[in-house]
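Colleague: If you scroll down you'll find the structure; I have some questions about it.
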Amino acid sequence: MTPLGQALWTRLDAAARPLTDDDLRALSPLLVIAPHADDETLGCGCLLARASALGLRPRVVFLTDGSASHVDSPTWPPSRLAEARRQEALAALSVLGLTAEQAFFMDWPDAAPLDPGSEAYGRSLARLLGWIENLDLRSLWAPRAGEPHCDHEAATALAEDLARRRPGVRRLQYLVWAWEDAAIACAGPGEQAWRLLCVGTSALRRRALDCHRTQTTGLIADAGQAFLIPEALAAVVDRPSEIFIEQL
């Protein structure tokens with residue numbers, strides 16, 4: 001994390017209310033919506049690990065197939081990359097204490113969110129609603145509104161759509177790209193900031209992040225365009241707490 005991000009984290013941490021085990025029990029069953037495989041670890045790896053350790057069986061929805069992180073690779077076409085990222089996601093969840101049955105893949109095109117008014121969106125939403133039909137959902141977790149990526153915006157919008165269909169479900173947001181933008185990261189009117197203590201979990205979260213090899217190593221060396229998680233962003237898994245913003 002850069003010095004600017006560290007300073008903002010310190011400010012957010014001081015202003016947030018502690019998120020206790022009893023709070024997590026009250027928020028469970030919980031559902032995390034991750035725009036891409038790796039956002040689950042970057043944004044709320046400690047949350048998932050702690051909820052799993054408490055036996056709360058958190059669920060994770062992966063919105064996109066991740067196939068646009070490396071473009072024009074002759075050896076890693078989109079179909080191969082999408083399958084690799086799915087397996088990486090499952091491996092990371094296993095490190096955090098989740099099973100494959102606790103994950104749901106919506107397989108939206110990476111960096112090309114479905115139009116909420118389209119038939120494809122309706123079919124995709126129906127699949128998700130079927131998966132959680134018998135789940136007494138208490139909370140929905142998605143990226144912080146305003147994060148600068150179309151897939152993050154789509155994940156937040158999907159959470160809002162689900163919340164409208166499940167009255168009474170609490171809405172919380174986690175930070176991925178917002179760590180250096182106080183205008184986005186800080187709680188505003190009608191919001192409550194929460195702090196989950198993550199002391200002693202850095203090694204666990206690093207192992208989970210390392211599962212995402214396509215995003216953290218030079219595994220794919222022949223792409224015309226390639227995305228790798230910047231070290232300043234990867235360093236968020238070393239912070240001693242995670243920050244969440246609840247919409248009241």
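Ordering of the structure tokens sets the chain letters (A, B, ...); residue numbers start at 1 within each chain; ligands are numbered from 1 in the order shown.
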Mind listing the strand (DSSP E or B) residues of region 22-150 of chain A, per DSSP on the backbone, as a ChimeraX atom specification?
Modeller: /A:30-34,59-64,70-71,103-108,139-143
Colleague: Quick one: everything within 12 Å of Ala120 (chain A), counting only C-alpha atoms, minus sequence neighbours fewer than 5 positions away in the same chain. Send it as a PyMOL selection string.
Modeller: chain A and resi 106-109+113-115+125-127
Colleague: Just to be explicit: take each residue in the selection above, keep N, CA and C atoms, and write the result as a CSV table (one decimal), in the first residue's frame.
Modeller:
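Written out: out-v1.csv:
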```csv
chain,number,residue,atom,x,y,z
A,106,MET,N,-21.1,-16.5,-12.4
A,106,MET,CA,-22.1,-16.0,-13.3
A,106,MET,C,-21.6,-15.9,-14.7
A,107,ASP,N,-20.2,-15.9,-14.9
A,107,ASP,CA,-19.6,-16.0,-16.2
A,107,ASP,C,-20.0,-14.8,-17.1
A,108,TRP,N,-20.1,-13.6,-16.6
A,108,TRP,CA,-20.3,-12.5,-17.5
A,108,TRP,C,-19.0,-12.2,-18.2
A,109,PRO,N,-19.1,-11.6,-19.4
A,109,PRO,CA,-17.9,-11.3,-20.1
A,109,PRO,C,-17.1,-10.3,-19.3
A,113,PRO,N,-20.0,-5.6,-18.9
A,113,PRO,CA,-21.1,-6.0,-18.0
A,113,PRO,C,-22.4,-6.1,-18.8
A,114,LEU,N,-23.3,-7.0,-18.4
A,114,LEU,CA,-24.6,-7.1,-19.1
A,114,LEU,C,-25.5,-5.9,-18.8
A,115,ASP,N,-26.2,-5.5,-19.7
A,115,ASP,CA,-27.2,-4.5,-19.5
A,115,ASP,C,-28.3,-5.0,-18.6
A,125,LEU,N,-29.6,-13.3,-13.7
A,125,LEU,CA,-30.1,-13.1,-12.4
A,125,LEU,C,-31.0,-14.2,-11.9
A,126,ALA,N,-31.8,-14.8,-12.8
A,126,ALA,CA,-32.7,-15.9,-12.5
A,126,ALA,C,-31.8,-17.1,-12.0
A,127,ARG,N,-30.7,-17.3,-12.6
A,127,ARG,CA,-29.8,-18.4,-12.1
A,127,ARG,C,-29.3,-18.1,-10.7
```
Colleague: Using only C-alpha atoms, find the one residue out of A:Glu83, A:Asp22, A:Asp39, A:Glu231 that sits nearest to Phe62 (chain A).
Modeller: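 That would be A:Asp39, the residue with the smallest distance to Phe62 (chain A).
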Colleague: Determine which residues of region 1-247 of chain A receive a DSSP assignment of alpha helix (DSSP H), computed from the backbone, and state them as an mmCIF file with N, CA and C atoms, in the first residue's frame.
Modeller:
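What follows is the written file out_24.cif:
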```
data_model
loop_
_atom_site.group_PDB
_atom_site.id
_atom_site.type_symbol
_atom_site.label_atom_id
_atom_site.label_comp_id
_atom_site.auth_asym_id
_atom_site.auth_seq_id
_atom_site.Cartn_x
_atom_site.Cartn_y
_atom_site.Cartn_z
ATOM 1 N N PRO A 3 2.092 5.211 0.667
ATOM 2 C CA PRO A 3 1.925 6.058 1.861
ATOM 3 C C PRO A 3 0.567 6.748 1.907
ATOM 4 N N LEU A 4 0.046 7.168 0.733
ATOM 5 C CA LEU A 4 -1.272 7.806 0.709
ATOM 6 C C LEU A 4 -2.343 6.817 1.139
ATOM 7 N N GLY A 5 -2.274 5.596 0.613
ATOM 8 C CA GLY A 5 -3.239 4.578 0.991
ATOM 9 C C GLY A 5 -3.127 4.203 2.454
ATOM 10 N N GLN A 6 -1.912 4.144 2.962
ATOM 11 C CA GLN A 6 -1.710 3.826 4.371
ATOM 12 C C GLN A 6 -2.313 4.896 5.262
ATOM 13 N N ALA A 7 -2.120 6.156 4.890
ATOM 14 C CA ALA A 7 -2.669 7.259 5.686
ATOM 15 C C ALA A 7 -4.193 7.221 5.698
ATOM 16 N N LEU A 8 -4.788 6.907 4.543
ATOM 17 C CA LEU A 8 -6.245 6.837 4.482
ATOM 18 C C LEU A 8 -6.753 5.641 5.279
ATOM 19 N N TRP A 9 -6.065 4.493 5.180
ATOM 20 C CA TRP A 9 -6.479 3.342 5.974
ATOM 21 C C TRP A 9 -6.463 3.682 7.467
ATOM 22 N N THR A 10 -5.414 4.369 7.922
ATOM 23 C CA THR A 10 -5.318 4.741 9.335
ATOM 24 C C THR A 10 -6.510 5.606 9.743
ATOM 25 N N ARG A 11 -6.871 6.531 8.876
ATOM 26 C CA ARG A 11 -8.021 7.410 9.138
ATOM 27 C C ARG A 11 -9.319 6.613 9.182
ATOM 28 N N LEU A 12 -9.505 5.715 8.224
ATOM 29 C CA LEU A 12 -10.725 4.912 8.184
ATOM 30 C C LEU A 12 -10.811 3.978 9.382
ATOM 31 N N ASP A 13 -9.692 3.363 9.723
ATOM 32 C CA ASP A 13 -9.652 2.420 10.831
ATOM 33 C C ASP A 13 -10.042 3.095 12.141
ATOM 34 N N ALA A 14 -9.552 4.315 12.336
ATOM 35 C CA ALA A 14 -9.834 5.035 13.582
ATOM 36 C C ALA A 14 -11.302 5.419 13.694
ATOM 37 N N ALA A 15 -11.955 5.639 12.549
ATOM 38 C CA ALA A 15 -13.336 6.114 12.562
ATOM 39 C C ALA A 15 -14.364 4.988 12.560
ATOM 40 N N ASP A 21 -17.495 -10.986 16.295
ATOM 41 C CA ASP A 21 -18.025 -12.287 15.901
ATOM 42 C C ASP A 21 -19.548 -12.324 16.028
ATOM 43 N N ASP A 22 -20.072 -11.688 17.050
ATOM 44 C CA ASP A 22 -21.534 -11.636 17.198
ATOM 45 C C ASP A 22 -22.160 -10.854 16.045
ATOM 46 N N ASP A 23 -21.493 -9.788 15.601
ATOM 47 C CA ASP A 23 -21.988 -9.041 14.438
ATOM 48 C C ASP A 23 -21.999 -9.931 13.203
ATOM 49 N N LEU A 24 -20.936 -10.704 13.008
ATOM 50 C CA LEU A 24 -20.870 -11.594 11.850
ATOM 51 C C LEU A 24 -21.973 -12.646 11.903
ATOM 52 N N ARG A 25 -22.263 -13.136 13.068
ATOM 53 C CA ARG A 25 -23.361 -14.113 13.195
ATOM 54 C C ARG A 25 -24.693 -13.462 12.811
ATOM 55 N N ALA A 26 -24.887 -12.207 13.229
ATOM 56 C CA ALA A 26 -26.127 -11.504 12.900
ATOM 57 C C ALA A 26 -26.226 -11.187 11.408
ATOM 58 N N ASP A 39 -10.746 -10.368 -6.325
ATOM 59 C CA ASP A 39 -11.368 -9.299 -5.534
ATOM 60 C C ASP A 39 -11.884 -9.826 -4.197
ATOM 61 N N GLU A 40 -12.239 -11.109 -4.155
ATOM 62 C CA GLU A 40 -12.724 -11.675 -2.896
ATOM 63 C C GLU A 40 -11.631 -11.662 -1.832
ATOM 64 N N THR A 41 -10.389 -11.885 -2.247
ATOM 65 C CA THR A 41 -9.275 -11.883 -1.306
ATOM 66 C C THR A 41 -8.812 -10.474 -0.995
ATOM 67 N N LEU A 42 -8.709 -9.644 -2.023
ATOM 68 C CA LEU A 42 -8.260 -8.264 -1.822
ATOM 69 C C LEU A 42 -9.237 -7.471 -0.960
ATOM 70 N N GLY A 43 -10.527 -7.648 -1.189
ATOM 71 C CA GLY A 43 -11.512 -6.823 -0.506
ATOM 72 C C GLY A 43 -11.992 -7.366 0.819
ATOM 73 N N CYS A 44 -12.094 -8.700 0.925
ATOM 74 C CA CYS A 44 -12.681 -9.253 2.156
ATOM 75 C C CYS A 44 -12.188 -10.659 2.445
ATOM 76 N N GLY A 45 -10.904 -10.914 2.195
ATOM 77 C CA GLY A 45 -10.349 -12.224 2.497
ATOM 78 C C GLY A 45 -10.436 -12.572 3.963
ATOM 79 N N CYS A 46 -10.182 -11.590 4.829
ATOM 80 C CA CYS A 46 -10.270 -11.832 6.267
ATOM 81 C C CYS A 46 -11.714 -12.105 6.681
ATOM 82 N N LEU A 47 -12.642 -11.353 6.135
ATOM 83 C CA LEU A 47 -14.060 -11.578 6.414
ATOM 84 C C LEU A 47 -14.457 -13.013 6.098
ATOM 85 N N LEU A 48 -14.071 -13.488 4.898
ATOM 86 C CA LEU A 48 -14.436 -14.839 4.489
ATOM 87 C C LEU A 48 -13.776 -15.882 5.389
ATOM 88 N N ALA A 49 -12.516 -15.656 5.731
ATOM 89 C CA ALA A 49 -11.810 -16.609 6.590
ATOM 90 C C ALA A 49 -12.419 -16.651 7.988
ATOM 91 N N ARG A 50 -12.738 -15.481 8.532
ATOM 92 C CA ARG A 50 -13.297 -15.436 9.877
ATOM 93 C C ARG A 50 -14.694 -16.055 9.914
ATOM 94 N N ALA A 51 -15.530 -15.716 8.937
ATOM 95 C CA ALA A 51 -16.875 -16.289 8.885
ATOM 96 C C ALA A 51 -16.801 -17.811 8.734
ATOM 97 N N SER A 52 -15.848 -18.278 7.930
ATOM 98 C CA SER A 52 -15.689 -19.721 7.754
ATOM 99 C C SER A 52 -15.254 -20.380 9.060
ATOM 100 N N ALA A 53 -14.314 -19.748 9.755
ATOM 101 C CA ALA A 53 -13.833 -20.307 11.023
ATOM 102 C C ALA A 53 -14.945 -20.397 12.060
ATOM 103 N N PRO A 78 -9.069 -16.741 -24.564
ATOM 104 C CA PRO A 78 -10.030 -16.414 -23.494
ATOM 105 C C PRO A 78 -10.627 -17.627 -22.789
ATOM 106 N N SER A 79 -10.921 -18.688 -23.521
ATOM 107 C CA SER A 79 -11.539 -19.851 -22.877
ATOM 108 C C SER A 79 -10.588 -20.504 -21.881
ATOM 109 N N ARG A 80 -9.315 -20.596 -22.233
ATOM 110 C CA ARG A 80 -8.343 -21.191 -21.308
ATOM 111 C C ARG A 80 -8.131 -20.294 -20.091
ATOM 112 N N LEU A 81 -8.048 -19.003 -20.333
ATOM 113 C CA LEU A 81 -7.840 -18.074 -19.229
ATOM 114 C C LEU A 81 -9.038 -18.083 -18.283
ATOM 115 N N ALA A 82 -10.242 -18.104 -18.838
ATOM 116 C CA ALA A 82 -11.442 -18.122 -17.990
ATOM 117 C C ALA A 82 -11.460 -19.362 -17.104
ATOM 118 N N GLU A 83 -11.118 -20.516 -17.645
ATOM 119 C CA GLU A 83 -11.103 -21.736 -16.845
ATOM 120 C C GLU A 83 -10.016 -21.677 -15.771
ATOM 121 N N ALA A 84 -8.852 -21.116 -16.131
ATOM 122 C CA ALA A 84 -7.786 -20.987 -15.144
ATOM 123 C C ALA A 84 -8.206 -20.086 -13.995
ATOM 124 N N ARG A 85 -8.875 -18.996 -14.321
ATOM 125 C CA ARG A 85 -9.275 -18.060 -13.274
ATOM 126 C C ARG A 85 -10.362 -18.665 -12.386
ATOM 127 N N ARG A 86 -11.208 -19.505 -12.947
ATOM 128 C CA ARG A 86 -12.202 -20.203 -12.122
ATOM 129 C C ARG A 86 -11.499 -21.121 -11.114
ATOM 130 N N GLN A 87 -10.513 -21.877 -11.607
ATOM 131 C CA GLN A 87 -9.797 -22.787 -10.715
ATOM 132 C C GLN A 87 -8.992 -22.017 -9.670
ATOM 133 N N GLU A 88 -8.421 -20.885 -10.057
ATOM 134 C CA GLU A 88 -7.706 -20.046 -9.098
ATOM 135 C C GLU A 88 -8.643 -19.541 -8.012
ATOM 136 N N ALA A 89 -9.849 -19.151 -8.417
ATOM 137 C CA ALA A 89 -10.835 -18.667 -7.444
ATOM 138 C C ALA A 89 -11.170 -19.753 -6.431
ATOM 139 N N LEU A 90 -11.395 -20.963 -6.912
ATOM 140 C CA LEU A 90 -11.728 -22.059 -6.007
ATOM 141 C C LEU A 90 -10.563 -22.389 -5.078
ATOM 142 N N ALA A 91 -9.342 -22.303 -5.598
ATOM 143 C CA ALA A 91 -8.175 -22.569 -4.762
ATOM 144 C C ALA A 91 -8.039 -21.516 -3.672
ATOM 145 N N ALA A 92 -8.259 -20.241 -4.040
ATOM 146 C CA ALA A 92 -8.172 -19.164 -3.049
ATOM 147 C C ALA A 92 -9.246 -19.329 -1.977
ATOM 148 N N LEU A 93 -10.457 -19.674 -2.394
ATOM 149 C CA LEU A 93 -11.528 -19.879 -1.421
ATOM 150 C C LEU A 93 -11.200 -21.032 -0.483
ATOM 151 N N SER A 94 -10.588 -22.075 -1.008
ATOM 152 C CA SER A 94 -10.213 -23.207 -0.158
ATOM 153 C C SER A 94 -9.224 -22.779 0.919
ATOM 154 N N VAL A 95 -8.262 -21.925 0.561
ATOM 155 C CA VAL A 95 -7.316 -21.400 1.549
ATOM 156 C C VAL A 95 -8.064 -20.638 2.642
ATOM 157 N N LEU A 96 -9.117 -19.917 2.234
ATOM 158 C CA LEU A 96 -9.879 -19.102 3.183
ATOM 159 C C LEU A 96 -10.926 -19.911 3.953
ATOM 160 N N GLU A 119 -32.207 -9.386 -21.892
ATOM 161 C CA GLU A 119 -32.655 -10.749 -21.606
ATOM 162 C C GLU A 119 -31.530 -11.558 -20.960
ATOM 163 N N ALA A 120 -30.300 -11.325 -21.419
ATOM 164 C CA ALA A 120 -29.166 -12.054 -20.855
ATOM 165 C C ALA A 120 -29.016 -11.757 -19.365
ATOM 166 N N TYR A 121 -29.198 -10.505 -18.976
ATOM 167 C CA TYR A 121 -29.134 -10.148 -17.560
ATOM 168 C C TYR A 121 -30.245 -10.858 -16.792
ATOM 169 N N GLY A 122 -31.447 -10.865 -17.358
ATOM 170 C CA GLY A 122 -32.574 -11.520 -16.692
ATOM 171 C C GLY A 122 -32.324 -12.994 -16.465
ATOM 172 N N ARG A 123 -31.760 -13.663 -17.463
ATOM 173 C CA ARG A 123 -31.459 -15.091 -17.318
ATOM 174 C C ARG A 123 -30.375 -15.307 -16.269
ATOM 175 N N SER A 124 -29.370 -14.460 -16.298
ATOM 176 C CA SER A 124 -28.277 -14.580 -15.336
ATOM 177 C C SER A 124 -28.767 -14.351 -13.913
ATOM 178 N N LEU A 125 -29.592 -13.339 -13.736
ATOM 179 C CA LEU A 125 -30.143 -13.054 -12.418
ATOM 180 C C LEU A 125 -31.020 -14.201 -11.935
ATOM 181 N N ALA A 126 -31.791 -14.787 -12.835
ATOM 182 C CA ALA A 126 -32.662 -15.905 -12.457
ATOM 183 C C ALA A 126 -31.834 -17.086 -11.956
ATOM 184 N N ARG A 127 -30.691 -17.349 -12.587
ATOM 185 C CA ARG A 127 -29.801 -18.417 -12.132
ATOM 186 C C ARG A 127 -29.320 -18.143 -10.712
ATOM 187 N N LEU A 128 -28.919 -16.905 -10.468
ATOM 188 C CA LEU A 128 -28.418 -16.548 -9.145
ATOM 189 C C LEU A 128 -29.526 -16.647 -8.100
ATOM 190 N N LEU A 129 -30.698 -16.149 -8.426
ATOM 191 C CA LEU A 129 -31.817 -16.220 -7.494
ATOM 192 C C LEU A 129 -32.170 -17.674 -7.180
ATOM 193 N N GLY A 130 -32.048 -18.541 -8.165
ATOM 194 C CA GLY A 130 -32.291 -19.951 -7.915
ATOM 195 C C GLY A 130 -31.272 -20.544 -6.959
ATOM 196 N N TRP A 131 -30.011 -20.086 -7.079
ATOM 197 C CA TRP A 131 -28.947 -20.606 -6.211
ATOM 198 C C TRP A 131 -29.160 -20.207 -4.758
ATOM 199 N N CYS A 150 -15.715 -0.762 -14.580
ATOM 200 C CA CYS A 150 -17.096 -1.066 -14.977
ATOM 201 C C CYS A 150 -17.610 -2.345 -14.316
ATOM 202 N N ASP A 151 -16.751 -3.332 -14.127
ATOM 203 C CA ASP A 151 -17.207 -4.578 -13.503
ATOM 204 C C ASP A 151 -17.479 -4.397 -12.015
ATOM 205 N N HIS A 152 -16.716 -3.516 -11.369
ATOM 206 C CA HIS A 152 -16.983 -3.220 -9.961
ATOM 207 C C HIS A 152 -18.313 -2.478 -9.834
ATOM 208 N N GLU A 153 -18.550 -1.548 -10.731
ATOM 209 C CA GLU A 153 -19.832 -0.838 -10.737
ATOM 210 C C GLU A 153 -20.982 -1.815 -10.959
ATOM 211 N N ALA A 154 -20.787 -2.771 -11.860
ATOM 212 C CA ALA A 154 -21.843 -3.747 -12.156
ATOM 213 C C ALA A 154 -22.106 -4.654 -10.961
ATOM 214 N N ALA A 155 -21.047 -5.034 -10.232
ATOM 215 C CA ALA A 155 -21.225 -5.886 -9.049
ATOM 216 C C ALA A 155 -22.009 -5.150 -7.971
ATOM 217 N N THR A 156 -21.712 -3.870 -7.791
ATOM 218 C CA THR A 156 -22.440 -3.064 -6.812
ATOM 219 C C THR A 156 -23.902 -2.915 -7.222
ATOM 220 N N ALA A 157 -24.146 -2.697 -8.506
ATOM 221 C CA ALA A 157 -25.518 -2.562 -9.001
ATOM 222 C C ALA A 157 -26.286 -3.878 -8.847
ATOM 223 N N LEU A 158 -25.611 -4.997 -9.075
ATOM 224 C CA LEU A 158 -26.263 -6.289 -8.907
ATOM 225 C C LEU A 158 -26.665 -6.497 -7.449
ATOM 226 N N ALA A 159 -25.796 -6.116 -6.528
ATOM 227 C CA ALA A 159 -26.130 -6.233 -5.101
ATOM 228 C C ALA A 159 -27.347 -5.397 -4.760
ATOM 229 N N GLU A 160 -27.435 -4.212 -5.323
ATOM 230 C CA GLU A 160 -28.588 -3.351 -5.084
ATOM 231 C C GLU A 160 -29.858 -3.981 -5.645
ATOM 232 N N ASP A 161 -29.753 -4.603 -6.811
ATOM 233 C CA ASP A 161 -30.901 -5.285 -7.413
ATOM 234 C C ASP A 161 -31.351 -6.440 -6.522
ATOM 235 N N LEU A 162 -30.403 -7.223 -6.041
ATOM 236 C CA LEU A 162 -30.750 -8.328 -5.154
ATOM 237 C C LEU A 162 -31.390 -7.829 -3.862
ATOM 238 N N ALA A 163 -30.859 -6.731 -3.329
ATOM 239 C CA ALA A 163 -31.387 -6.189 -2.077
ATOM 240 C C ALA A 163 -32.832 -5.755 -2.236
ATOM 241 N N ARG A 164 -33.172 -5.227 -3.397
ATOM 242 C CA ARG A 164 -34.572 -4.831 -3.640
ATOM 243 C C ARG A 164 -35.494 -6.042 -3.641
ATOM 244 N N ARG A 165 -34.957 -7.182 -4.026
ATOM 245 C CA ARG A 165 -35.754 -8.406 -4.074
ATOM 246 C C ARG A 165 -35.755 -9.160 -2.748
ATOM 247 N N ALA A 182 -10.190 9.203 -0.668
ATOM 248 C CA ALA A 182 -11.002 9.445 0.523
ATOM 249 C C ALA A 182 -12.445 9.779 0.172
ATOM 250 N N ALA A 183 -12.653 10.412 -0.991
ATOM 251 C CA ALA A 183 -14.004 10.783 -1.392
ATOM 252 C C ALA A 183 -14.889 9.556 -1.587
ATOM 253 N N ILE A 184 -14.277 8.418 -1.928
ATOM 254 C CA ILE A 184 -15.022 7.178 -2.112
ATOM 255 C C ILE A 184 -15.009 6.339 -0.835
ATOM 256 N N ALA A 185 -13.837 6.239 -0.230
ATOM 257 C CA ALA A 185 -13.644 5.270 0.850
ATOM 258 C C ALA A 185 -14.342 5.641 2.149
ATOM 259 N N SER A 202 -2.357 -12.162 7.758
ATOM 260 C CA SER A 202 -1.676 -11.715 6.537
ATOM 261 C C SER A 202 -1.135 -12.895 5.726
ATOM 262 N N ALA A 203 -0.493 -13.851 6.401
ATOM 263 C CA ALA A 203 0.071 -14.997 5.690
ATOM 264 C C ALA A 203 -1.029 -15.805 4.998
ATOM 265 N N LEU A 204 -2.151 -15.970 5.671
ATOM 266 C CA LEU A 204 -3.278 -16.697 5.081
ATOM 267 C C LEU A 204 -3.792 -15.974 3.848
ATOM 268 N N ARG A 205 -3.984 -14.668 3.959
ATOM 269 C CA ARG A 205 -4.503 -13.906 2.828
ATOM 270 C C ARG A 205 -3.495 -13.848 1.688
ATOM 271 N N ARG A 206 -2.207 -13.811 2.005
ATOM 272 C CA ARG A 206 -1.171 -13.862 0.970
ATOM 273 C C ARG A 206 -1.232 -15.194 0.233
ATOM 274 N N ARG A 207 -1.432 -16.283 0.955
ATOM 275 C CA ARG A 207 -1.533 -17.591 0.301
ATOM 276 C C ARG A 207 -2.745 -17.629 -0.622
ATOM 277 N N ALA A 208 -3.840 -17.051 -0.163
ATOM 278 C CA ALA A 208 -5.036 -17.009 -1.015
ATOM 279 C C ALA A 208 -4.779 -16.178 -2.265
ATOM 280 N N LEU A 209 -4.144 -15.020 -2.099
ATOM 281 C CA LEU A 209 -3.867 -14.170 -3.252
ATOM 282 C C LEU A 209 -2.895 -14.845 -4.209
ATOM 283 N N ASP A 210 -1.930 -15.573 -3.670
ATOM 284 C CA ASP A 210 -0.961 -16.268 -4.515
ATOM 285 C C ASP A 210 -1.606 -17.352 -5.375
ATOM 286 N N ARG A 213 -2.525 -17.031 -9.814
ATOM 287 C CA ARG A 213 -1.221 -16.946 -10.476
ATOM 288 C C ARG A 213 -1.278 -16.161 -11.774
ATOM 289 N N THR A 214 -2.396 -16.222 -12.486
ATOM 290 C CA THR A 214 -2.478 -15.455 -13.735
ATOM 291 C C THR A 214 -2.439 -13.958 -13.472
ATOM 292 N N GLN A 215 -2.786 -13.555 -12.249
ATOM 293 C CA GLN A 215 -2.864 -12.134 -11.912
ATOM 294 C C GLN A 215 -1.681 -11.644 -11.095
ATOM 295 N N THR A 216 -0.838 -12.564 -10.621
ATOM 296 C CA THR A 216 0.241 -12.171 -9.712
ATOM 297 C C THR A 216 1.631 -12.583 -10.187
ATOM 298 N N GLU A 231 1.781 -4.246 -6.803
ATOM 299 C CA GLU A 231 2.179 -4.603 -5.442
ATOM 300 C C GLU A 231 1.530 -3.689 -4.418
ATOM 301 N N ALA A 232 1.328 -2.412 -4.776
ATOM 302 C CA ALA A 232 0.680 -1.494 -3.833
ATOM 303 C C ALA A 232 -0.733 -1.946 -3.511
ATOM 304 N N LEU A 233 -1.404 -2.573 -4.484
ATOM 305 C CA LEU A 233 -2.745 -3.097 -4.231
ATOM 306 C C LEU A 233 -2.664 -4.432 -3.493
ATOM 307 N N ALA A 234 -1.751 -5.297 -3.907
ATOM 308 C CA ALA A 234 -1.605 -6.598 -3.236
ATOM 309 C C ALA A 234 -1.300 -6.423 -1.752
#
```
Colleague: For CA of Pro74 (chain A) and CA of Asp222 (chain A), quote the distance in Å rounded to one decimal.
Modeller: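 Spanning CA of Pro74 (chain A) to CA of Asp222 (chain A) is a straight-line distance of 7.1 Å.
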Colleague: To one decimal place, how far is CA of Ala142 (chain A) from CA of Pro77 (chain A) in Å?
Modeller: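 Interatomic distance here is 28.7 Å.
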Colleague: Can you tell me, as a VMD selection string, what residues are no more than 8 Å from Leu248 (chain A) when counting only C-alpha atoms, ignoring any on the same chain fewer than 3 positions away?
Modeller: chain A and resid 170 to 171 190 to 192
Colleague: Interatomic distance between CA of Arg195 (chain A) and CA of Gly66 (chain A)?
Modeller: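 About the pair CA of Arg195 (chain A) and CA of Gly66 (chain A): they are 29.1 Å apart.
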Colleague: Between A:Gly188, A:Pro29, A:Pro18, A:Gly97, single out the one closest to Gln247 (chain A), counting only C-alpha atoms.
Modeller: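 Distance minimum relative to Gln247 (chain A) lands on A:Gly188.
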